[in-house]
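**Q** input-v2.tsv is reproduced in full below (TSV, C-alpha atoms).
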chain	number	residue	atom	x	y	z
A	7	MET	CA	0.00	0.00	0.00
A	8	LEU	CA	1.23	3.50	-0.80
A	9	HIS	CA	1.26	6.40	1.60
A	10	ILE	CA	0.54	9.68	-0.11
A	11	LYS	CA	1.15	13.03	1.51
A	12	CYS	CA	-1.92	15.14	0.82
A	13	PRO	CA	-0.85	18.82	0.73
A	14	HIS	CA	-4.02	19.65	2.68
A	15	CYS	CA	-4.34	16.78	5.22
A	16	GLY	CA	-0.88	15.25	5.59
A	17	MET	CA	0.28	11.66	5.17
A	18	ARG	CA	-2.59	9.32	4.35
A	19	SER	CA	-3.12	5.81	3.05
A	20	GLN	CA	-3.68	5.15	-0.63
A	21	ASN	CA	-7.05	3.63	0.36
A	22	GLU	CA	-8.40	7.14	0.80
A	23	PHE	CA	-7.39	8.21	-2.71
A	24	SER	CA	-8.61	7.57	-6.19
A	25	TYR	CA	-6.26	7.64	-9.19
A	26	GLY	CA	-7.04	10.35	-11.71
A	27	GLY	CA	-4.62	9.77	-14.57
A	28	ASP	CA	-1.76	11.65	-16.18
A	29	ALA	CA	-1.39	15.20	-14.83
A	30	SER	CA	0.79	16.40	-17.67
A	31	VAL	CA	-1.94	16.19	-20.33
A	32	LYS	CA	-2.98	19.65	-21.51
A	33	ARG	CA	-6.34	20.44	-23.04
A	34	PRO	CA	-6.11	21.90	-26.58
A	35	LYS	CA	-6.67	25.64	-26.59
A	36	LEU	CA	-10.21	26.84	-27.06
A	37	ASN	CA	-11.39	28.25	-30.40
A	38	GLN	CA	-8.52	26.69	-32.30
A	39	GLU	CA	-8.78	24.16	-35.08
A	40	ILE	CA	-7.25	20.87	-34.00
A	41	SER	CA	-6.93	17.60	-35.84
A	42	ASP	CA	-8.82	14.48	-34.87
A	43	GLN	CA	-5.49	12.91	-33.97
A	44	ASP	CA	-4.69	15.72	-31.51
A	45	TRP	CA	-8.12	15.39	-29.96
A	46	ASP	CA	-7.71	11.60	-29.66
A	47	ASN	CA	-4.35	12.14	-28.02
A	48	PHE	CA	-5.90	14.47	-25.48
A	49	VAL	CA	-8.90	12.27	-24.69
A	50	TYR	CA	-7.65	8.71	-25.05
A	51	ASN	CA	-4.03	8.10	-25.89
A	52	ARG	CA	-1.67	7.84	-22.96
A	53	LYS	CA	1.92	6.73	-22.74
A	54	SER	CA	2.60	4.00	-20.24
A	55	LEU	CA	5.89	5.36	-19.06
A	56	ARG	CA	8.34	3.56	-16.84
A	57	GLY	CA	9.90	5.91	-14.33
A	58	LYS	CA	8.93	9.32	-12.97
A	59	HIS	CA	5.35	10.19	-13.75
A	60	LEU	CA	3.20	13.15	-12.77
A	61	GLU	CA	-0.25	11.98	-11.79
A	62	LEU	CA	-3.55	13.32	-10.57
A	63	TRP	CA	-5.05	11.78	-7.45
A	64	HIS	CA	-8.34	12.60	-5.78
A	65	HIS	CA	-8.45	12.52	-1.97
A	66	LEU	CA	-11.89	11.01	-2.18
A	67	SER	CA	-12.33	9.86	1.40
A	68	GLY	CA	-10.46	12.80	2.89
A	69	CYS	CA	-10.58	16.47	1.96
A	70	ARG	CA	-12.04	15.70	-1.51
A	71	GLN	CA	-9.40	17.77	-3.27
A	72	TRP	CA	-7.50	16.88	-6.43
A	73	ILE	CA	-3.74	16.78	-5.98
A	74	LYS	CA	-0.68	16.14	-8.16
A	75	VAL	CA	1.72	13.35	-7.27
A	76	GLU	CA	5.13	12.72	-8.79
A	77	ARG	CA	5.64	8.97	-8.58
A	78	ASP	CA	8.00	6.40	-10.05
A	79	THR	CA	5.80	3.89	-11.85
A	80	SER	CA	8.28	1.06	-11.43
A	81	THR	CA	9.36	1.51	-7.80
A	82	HIS	CA	6.24	3.39	-6.57
A	83	GLU	CA	8.50	5.88	-4.84
A	84	ILE	CA	6.73	9.18	-4.37
A	85	PHE	CA	9.01	12.19	-4.86
A	86	ARG	CA	6.63	15.04	-4.14
A	87	THR	CA	3.00	16.02	-3.97
A	88	MET	CA	1.41	19.37	-4.64
A	89	LYS	CA	-1.94	21.10	-4.90
A	90	ALA	CA	-3.70	20.72	-8.26
A	91	ASN	CA	-3.23	24.39	-9.11
A	92	GLU	CA	0.49	24.42	-8.30
A	93	ASP	CA	3.05	24.60	-11.07
A	94	ASN	CA	4.87	21.35	-11.87
A	95	SER	CA	8.27	22.95	-12.27
B	5	MET	CA	-32.08	17.27	13.22
B	6	THR	CA	-33.80	13.97	13.30
B	7	LEU	CA	-35.16	11.81	16.05
B	8	ILE	CA	-35.81	8.97	13.63
B	9	SER	CA	-33.02	6.53	14.28
B	10	ALA	CA	-30.84	5.40	11.39
B	11	LEU	CA	-29.90	2.28	13.35
B	12	ASN	CA	-33.31	1.47	14.82
B	13	ASN	CA	-33.46	-2.01	13.29
B	14	ILE	CA	-30.07	-3.23	14.45
B	15	HIS	CA	-29.01	-1.32	17.56
B	16	ILE	CA	-29.95	-3.66	20.43
B	17	LYS	CA	-29.03	-2.79	24.00
B	18	GLY	CA	-27.03	-5.26	26.05
B	19	LEU	CA	-23.64	-6.86	26.52
B	20	PHE	CA	-22.01	-8.61	23.59
B	21	GLY	CA	-18.76	-10.29	22.59
B	22	ASP	CA	-16.09	-11.30	25.06
B	23	HIS	CA	-17.58	-9.48	28.05
B	24	GLU	CA	-17.77	-12.27	30.62
B	25	GLY	CA	-15.64	-11.78	33.71
B	26	LYS	CA	-14.84	-8.21	32.70
B	27	ASP	CA	-15.78	-5.04	34.51
B	28	GLU	CA	-18.51	-3.24	32.52
B	29	LYS	CA	-16.51	-0.04	32.85
B	30	ASN	CA	-13.71	-1.56	30.78
B	31	LEU	CA	-15.96	-2.60	27.92
B	32	ILE	CA	-16.40	-0.52	24.80
B	33	GLY	CA	-19.57	1.53	24.92
B	34	ILE	CA	-21.51	1.82	21.67
B	35	SER	CA	-24.40	4.20	21.31
B	36	GLU	CA	-26.21	6.03	18.57
B	37	THR	CA	-26.26	9.82	18.60
B	38	LYS	CA	-29.52	11.28	17.42
B	39	ASN	CA	-31.07	14.71	17.27
B	40	LEU	CA	-27.84	16.46	16.28
B	41	LEU	CA	-27.80	19.36	13.86
B	42	ILE	CA	-25.24	18.72	11.10
B	43	VAL	CA	-24.51	21.51	8.64
B	44	GLN	CA	-21.95	21.58	5.87
B	45	ILE	CA	-20.36	24.98	5.27
B	46	ALA	CA	-18.41	25.41	2.04
B	47	GLN	CA	-16.78	28.67	1.05
B	48	TYR	CA	-16.84	29.25	-2.71
B	49	LYS	CA	-13.52	29.26	-4.53
B	50	ASN	CA	-14.11	32.73	-5.93
B	51	SER	CA	-15.11	34.11	-2.55
B	52	SER	CA	-12.98	37.02	-1.41
B	53	THR	CA	-14.42	37.17	2.11
B	54	SER	CA	-12.04	36.57	4.95
B	55	ASN	CA	-13.47	34.10	7.43
B	56	GLU	CA	-11.22	35.27	10.26
B	57	ASN	CA	-13.83	37.61	11.69
B	58	ILE	CA	-16.74	35.24	11.33
B	59	LYS	CA	-17.84	33.67	14.57
B	60	ILE	CA	-20.60	31.12	14.90
B	61	ASP	CA	-21.62	30.46	18.49
B	62	ASN	CA	-18.34	32.26	19.34
B	63	LEU	CA	-16.33	29.79	17.27
B	64	ASN	CA	-14.08	30.59	14.32
B	65	LEU	CA	-14.02	28.81	10.99
B	66	GLU	CA	-10.42	27.67	11.19
B	67	ASN	CA	-8.69	26.44	8.06
B	68	GLU	CA	-6.42	23.99	9.80
B	69	ALA	CA	-6.36	20.27	9.03
B	70	LEU	CA	-7.83	17.94	11.67
B	71	ASN	CA	-8.90	20.89	13.81
B	72	VAL	CA	-12.20	21.09	15.70
B	73	SER	CA	-13.33	24.42	17.17
B	74	ASN	CA	-15.73	23.66	19.93
B	75	ASN	CA	-17.75	24.67	22.94
B	76	THR	CA	-20.30	22.75	24.97
B	77	ASN	CA	-23.04	22.96	22.32
B	78	THR	CA	-21.30	23.33	19.00
B	79	ARG	CA	-18.39	21.72	17.20
B	80	ILE	CA	-16.96	22.95	13.90
B	81	LEU	CA	-14.98	20.22	12.18
B	82	TRP	CA	-12.47	20.95	9.42
B	83	SER	CA	-13.50	18.85	6.44
B	84	GLY	CA	-11.24	20.23	3.71
B	85	PRO	CA	-9.87	23.57	2.52
B	86	ASN	CA	-12.64	26.14	3.08
B	87	ASN	CA	-15.00	23.37	4.03
B	88	TRP	CA	-16.41	22.62	7.47
B	89	ILE	CA	-18.99	20.42	9.15
B	90	LEU	CA	-20.83	22.05	12.00
B	91	THR	CA	-22.53	19.85	14.57
B	92	ALA	CA	-24.70	21.33	17.29
B	93	THR	CA	-27.14	20.19	19.90
B	94	LYS	CA	-29.23	23.35	19.49
B	95	LYS	CA	-31.05	23.70	16.20
B	96	GLU	CA	-31.20	27.52	16.53
B	97	ILE	CA	-27.55	27.57	15.43
B	98	LEU	CA	-28.70	27.00	11.84
B	99	LYS	CA	-30.40	30.38	11.87
B	100	GLU	CA	-27.20	32.02	13.12
B	101	VAL	CA	-25.17	30.24	10.43
B	102	LYS	CA	-27.47	31.53	7.70
B	103	GLU	CA	-27.36	35.06	9.10
B	104	LYS	CA	-23.59	35.25	9.42
B	105	LEU	CA	-22.58	33.44	6.24
B	106	ASP	CA	-23.93	35.16	3.15
B	107	GLU	CA	-25.20	33.18	0.19
B	108	ALA	CA	-22.84	34.87	-2.22
B	109	ASN	CA	-19.78	33.43	-0.50
B	110	PHE	CA	-20.89	30.29	1.31
B	111	ALA	CA	-22.92	27.21	0.49
B	112	ILE	CA	-24.79	25.97	3.54
B	113	THR	CA	-26.33	22.51	3.47
B	114	ASP	CA	-28.28	20.91	6.27
B	115	LEU	CA	-27.12	17.27	6.44
B	116	SER	CA	-28.88	16.41	9.71
B	117	HIS	CA	-31.14	13.79	8.13
B	118	SER	CA	-28.49	12.22	5.95
B	119	ARG	CA	-25.97	10.93	8.46
B	120	ALA	CA	-25.81	8.05	10.90
B	121	ILE	CA	-23.72	8.69	14.00
B	122	ILE	CA	-22.16	5.99	16.16
B	123	GLU	CA	-20.50	6.98	19.40
B	124	LEU	CA	-17.72	4.78	20.79
B	125	GLU	CA	-16.34	5.06	24.28
B	126	GLY	CA	-13.46	3.29	26.02
B	127	GLU	CA	-9.74	2.85	25.48
B	128	SER	CA	-10.22	-0.18	23.20
B	129	ALA	CA	-12.37	1.94	20.86
B	130	LYS	CA	-9.12	3.21	19.38
B	131	GLU	CA	-8.06	-0.36	18.56
B	132	VAL	CA	-11.45	-1.02	16.97
B	133	LEU	CA	-11.06	1.98	14.69
B	134	LYS	CA	-7.53	0.91	13.76
B	135	LYS	CA	-8.89	-2.40	12.49
B	136	GLY	CA	-10.90	-0.87	9.67
B	137	CYS	CA	-9.29	2.51	9.12
B	138	PRO	CA	-5.77	3.06	7.72
B	139	TYR	CA	-5.07	6.14	9.87
B	140	ASN	CA	-2.83	5.97	12.94
B	141	PHE	CA	-5.29	6.82	15.69
B	142	ASN	CA	-2.50	7.29	18.24
B	143	GLU	CA	-1.86	10.62	16.52
B	144	LEU	CA	-5.46	11.77	16.74
B	145	LYS	CA	-5.96	13.76	19.93
B	146	LYS	CA	-8.90	15.35	21.70
B	147	ASN	CA	-10.75	17.85	19.51
B	148	ASN	CA	-9.27	16.47	16.31
B	149	CYS	CA	-11.34	15.19	13.42
B	150	LEU	CA	-10.59	13.02	10.46
B	151	ASN	CA	-12.13	12.06	7.14
B	152	SER	CA	-11.18	8.55	6.19
B	153	THR	CA	-12.58	5.11	5.38
B	154	PHE	CA	-13.66	2.23	7.58
B	155	ASN	CA	-13.72	-1.05	5.69
B	156	GLY	CA	-14.30	0.89	2.47
B	157	MET	CA	-17.01	3.18	3.83
B	158	SER	CA	-16.32	6.90	3.97
B	159	ILE	CA	-16.44	8.10	7.56
B	160	MET	CA	-15.78	11.22	9.58
B	161	VAL	CA	-14.31	10.74	13.06
B	162	ASP	CA	-14.63	13.39	15.74
B	163	VAL	CA	-12.60	12.82	18.92
B	164	LEU	CA	-14.71	14.22	21.76
B	165	ASN	CA	-12.43	13.19	24.59
B	166	ASP	CA	-9.21	11.26	25.11
B	167	ASN	CA	-9.59	10.30	28.75
B	168	PRO	CA	-11.86	8.38	28.69
B	169	TYR	CA	-11.52	7.97	24.94
B	170	LYS	CA	-14.74	8.97	23.22
B	171	VAL	CA	-15.34	9.39	19.49
B	172	ARG	CA	-18.22	10.06	17.18
B	173	VAL	CA	-18.17	8.28	13.84
B	174	PHE	CA	-20.29	9.85	11.10
B	175	THR	CA	-21.21	8.09	7.89
B	176	LEU	CA	-23.85	8.40	5.21
B	177	ARG	CA	-27.18	7.32	6.64
B	178	SER	CA	-27.47	4.62	3.98
B	179	PHE	CA	-24.16	3.14	5.16
B	180	GLY	CA	-25.22	3.31	8.81
B	181	GLU	CA	-26.24	-0.32	9.24
B	182	SER	CA	-23.19	-1.66	7.37
B	183	LEU	CA	-20.88	0.50	9.45
B	184	TYR	CA	-22.63	-0.56	12.64
B	185	HIS	CA	-22.14	-4.25	11.73
B	186	SER	CA	-18.51	-3.58	10.81
B	187	ILE	CA	-17.80	-1.78	14.08
B	188	THR	CA	-19.63	-4.25	16.31
B	189	ASP	CA	-17.86	-7.19	14.61
B	190	SER	CA	-14.54	-5.50	15.35
B	191	CYS	CA	-15.63	-4.94	18.97
B	192	LEU	CA	-16.43	-8.59	19.69
B	193	GLU	CA	-12.93	-9.58	20.85
B	194	PHE	CA	-12.88	-6.72	23.38
B	195	GLY	CA	-16.47	-7.13	24.52
B	196	TYR	CA	-18.88	-4.23	24.16
B	197	LYS	CA	-21.83	-2.69	25.85
B	198	SER	CA	-24.53	-1.43	23.54
B	199	ILE	CA	-26.16	1.55	25.22
So that I can check it, write out the structure of this file as structure tokens.
**A**
Amino acid sequence: MLHIKCPHCGMRSQNEFSYGGDASVKRPKLNQEISDQDWDNFVYNRKSLRGKHLELWHHLSGCRQWIKVERDTSTHEIFRTMKANEDNS
Amino acid sequence: MTLISALNNIHIKGLFGDHEGKDEKNLIGISETKNLLIVQIAQYKNSSTSNENIKIDNLNLENEALNVSNNTNTRILWSGPNNWILTATKKEILKEVKEKLDEANFAITDLSHSRAIIELEGESAKEVLKKGCPYNFNELKKNNCLNSTFNGMSIMVDVLNDNPYKVRVFTLRSFGESLYHSITDSCLEFGYKSI
């Protein structure tokens, strides 16, 4: 089981969280023509990377906030967590 | 506020589990709390109002994790950023909440009828909670609260006292009976007194 440090509540068990997918995906800009391929990439296509990965998690049974988690997908080591509106850099 | 019990069909008074030869005072006490006003207060994201000067029943809305502001009648539990659960024994507090928190900045929802509340008392109650909940309850002190899960059910724990240990466990009313079964099953090895 993972322990994830919620930026609002502190260290909590993974049981309280729900995985929300890749946090690095950016929505195409509004009012701009985009190809079907770009739209597919935004909605469906994800890379299954091995290594550091920025993810969204929802603290569903806690403060009910979305957070970002930087996690290694092979070792499950968590490097940092931040609020959803915080910059990744 | 509701006097209609959420646990009416299953909460039976008596001694259960491994209680024989034990002093009743050392058993876990389980009771249902009814007739409690429960109000959710959520401050809108675009709200510019500072909540530092707002006092409800002389209590502040504090934005600090796990914190409970309290007096004898009212408890304000931190539920998330800019989100609180107010519990009160006097229903007049709802009027005060609506007067002091304006509709443009706060969403106020009366949840009194939609929660089941189980009160646990006794030192072993902490061990019972540890069985189903992943949080380390040794860290949770008096006047702390916690949102978590108990055997997969979302719960809110409010620590009323730490000596003797006394907690209120809130869950959705529809989960009330399942949670009650889960908690009483966990209590069997310690022996419990259903009050």
**Q** Extract, using only C-alpha atoms, all DNA, RNA and protein residues at most 8 Å from Ala120 of chain B, discarding same-chain residues fewer than 5 positions from it, and format them as an NGL selection string.
**A** :B and (10-11 or 36-37 or 174-180)
**Q** For a quick test of understanding: name the residues of chain A lying within 7 Å of chain B when counting all atoms listed in the file, and present them as a list of chain:residue names.
**A**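 Close to chain B, chain A has A:His14, A:Cys15, A:Arg18, A:Ser19, A:Glu22, A:Ser67, A:Gly68, A:Cys69, A:Arg70.
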**Q** Generate a file of the selected residues that holds C-alpha atoms, formatted as a PDB file, keeping the file's coordinate frame.
**A**
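Result file follows (selection_4.pdb):
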ATOM      1  CA  HIS A  14      -4.020  19.650   2.680  1.00  0.00           C
ATOM      2  CA  CYS A  15      -4.340  16.780   5.220  1.00  0.00           C
ATOM      3  CA  ARG A  18      -2.590   9.320   4.350  1.00  0.00           C
ATOM      4  CA  SER A  19      -3.120   5.810   3.050  1.00  0.00           C
ATOM      5  CA  GLU A  22      -8.400   7.140   0.800  1.00  0.00           C
ATOM      6  CA  SER A  67     -12.330   9.860   1.400  1.00  0.00           C
ATOM      7  CA  GLY A  68     -10.460  12.800   2.890  1.00  0.00           C
ATOM      8  CA  CYS A  69     -10.580  16.470   1.960  1.00  0.00           C
ATOM      9  CA  ARG A  70     -12.040  15.700  -1.510  1.00  0.00           C
TER      10      ARG A  70
END
**Q** So the first atom is atom CA of Lys104 of chain B and the second is atom CA of Arg119 of chain B; what is the distance between them in Å, to one decimal place?
**A**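 Atom CA of Arg119 of chain B lies 24.5 Å from atom CA of Lys104 of chain B.
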**Q** Quote the spacing between atom CA of Ser35 of chain B and atom CA of Glu123 of chain B in Å to one decimal place.
**A** 5.2 Å
**Q** Which is closer to Arg86 of chain A than all the others in A:Leu66, A:Val49, A:Leu60, A:Leu55, using only C-alpha atoms?
**A**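 The closest residue to Arg86 of chain A is A:Leu60.
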**Q** Fewer than 2 positions away in the same chain doesn't count, so skip those; otherwise give me all residues within 10 Å of Met7 of chain A, counting only C-alpha atoms, as a ChimeraX atom specification.
**A** /A:9-10,19-21,82
**Q** For the residues in the current selection, export C-alpha atoms as a short mmCIF file (atom, residue, chain, number, x, y, z; two decimals), keeping the file's coordinate frame.
**A**
data_model
loop_
_atom_site.label_atom_id
_atom_site.label_comp_id
_atom_site.auth_asym_id
_atom_site.auth_seq_id
_atom_site.Cartn_x
_atom_site.Cartn_y
_atom_site.Cartn_z
CA HIS A 9 1.26 6.40 1.60
CA ILE A 10 0.54 9.68 -0.11
CA SER A 19 -3.12 5.81 3.05
CA GLN A 20 -3.68 5.15 -0.63
CA ASN A 21 -7.05 3.63 0.36
CA HIS A 82 6.24 3.39 -6.57
#
**Q** Just to confirm, what's the straight-line distance from atom CA of Leu41 of chain B to atom CA of Phe110 of chain B in Å (one decimal)?
**A**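 If I compute the distance from atom CA of Leu41 of chain B to atom CA of Phe110 of chain B, I get 18.0 Å.
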**Q** Hey, could you pull the box centre and edge lengths for segment 61-66 of chain A, axis-aligned, 6 Å padding per side, all listed atoms, to one decimal in Å, as lines of an AutoDock Vina configuration file?
**A**
center_x = -6.1
center_y = 12.2
center_z = -6.9
size_x = 23.6
size_y = 14.3
size_z = 21.8
**Q** For segment 76-80 of chain A, find every residue with an atom within 7 Å (counting only C-alpha atoms), except residues of its own chain fewer than 3 positions away, and show them as an MDAnalysis selection string.
**A** chainID A and resid 56:61 83:87
**Q** Filtering to C-alpha atoms, could you give me those residues as a PDB file, in the coordinates of the input?
**A**
ATOM      1  CA  ARG A  56       8.340   3.560 -16.840  1.00  0.00           C
ATOM      2  CA  GLY A  57       9.900   5.910 -14.330  1.00  0.00           C
ATOM      3  CA  LYS A  58       8.930   9.320 -12.970  1.00  0.00           C
ATOM      4  CA  HIS A  59       5.350  10.190 -13.750  1.00  0.00           C
ATOM      5  CA  LEU A  60       3.200  13.150 -12.770  1.00  0.00           C
ATOM      6  CA  GLU A  61      -0.250  11.980 -11.790  1.00  0.00           C
ATOM      7  CA  GLU A  83       8.500   5.880  -4.840  1.00  0.00           C
ATOM      8  CA  ILE A  84       6.730   9.180  -4.370  1.00  0.00           C
ATOM      9  CA  PHE A  85       9.010  12.190  -4.860  1.00  0.00           C
ATOM     10  CA  ARG A  86       6.630  15.040  -4.140  1.00  0.00           C
ATOM     11  CA  THR A  87       3.000  16.020  -3.970  1.00  0.00           C
TER      12      THR A  87
END
**Q** Could you list, as a PDB file with C-alpha atoms, in the frame of the given file, every residue within 9 Å of Thr78 of chain B, counting only C-alpha atoms and ignoring same-chain residues fewer than 2 positions away?
**A**
ATOM      1  CA  ILE B  60     -20.600  31.120  14.900  1.00  0.00           C
ATOM      2  CA  ASP B  61     -21.620  30.460  18.490  1.00  0.00           C
ATOM      3  CA  LEU B  63     -16.330  29.790  17.270  1.00  0.00           C
ATOM      4  CA  SER B  73     -13.330  24.420  17.170  1.00  0.00           C
ATOM      5  CA  ASN B  74     -15.730  23.660  19.930  1.00  0.00           C
ATOM      6  CA  ASN B  75     -17.750  24.670  22.940  1.00  0.00           C
ATOM      7  CA  THR B  76     -20.300  22.750  24.970  1.00  0.00           C
ATOM      8  CA  ILE B  80     -16.960  22.950  13.900  1.00  0.00           C
ATOM      9  CA  LEU B  90     -20.830  22.050  12.000  1.00  0.00           C
ATOM     10  CA  THR B  91     -22.530  19.850  14.570  1.00  0.00           C
ATOM     11  CA  ALA B  92     -24.700  21.330  17.290  1.00  0.00           C
ATOM     12  CA  THR B  93     -27.140  20.190  19.900  1.00  0.00           C
ATOM     13  CA  LYS B  94     -29.230  23.350  19.490  1.00  0.00           C
ATOM     14  CA  ILE B  97     -27.550  27.570  15.430  1.00  0.00           C
TER      15      ILE B  97
END
**Q** List the neighbours of Val72 of chain B out to 6 Å using all atoms listed in the file; skip same-chain residues closer than 2 positions along the sequence, and give me the result as a list in words.
**A**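 In the requested format, the answer is Ile80, Leu81, Asn147 and Asn148 of chain B.
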**Q** Go ahead and save the picked residues with C-alpha atoms, as a short mmCIF file (atom, residue, chain, number, x, y, z; two decimals), in the coordinates of the input.
**A**
data_model
loop_
_atom_site.label_atom_id
_atom_site.label_comp_id
_atom_site.auth_asym_id
_atom_site.auth_seq_id
_atom_site.Cartn_x
_atom_site.Cartn_y
_atom_site.Cartn_z
CA ILE B 80 -16.96 22.95 13.90
CA LEU B 81 -14.98 20.22 12.18
CA ASN B 147 -10.75 17.85 19.51
CA ASN B 148 -9.27 16.47 16.31
#
**Q** Could you check which of B:His117, B:Lys135, B:Lys170, B:Lys146 is closest to Lys38 of chain B, using only C-alpha atoms?
**A**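 Among the listed residues, B:His117 lies closest to Lys38 of chain B.
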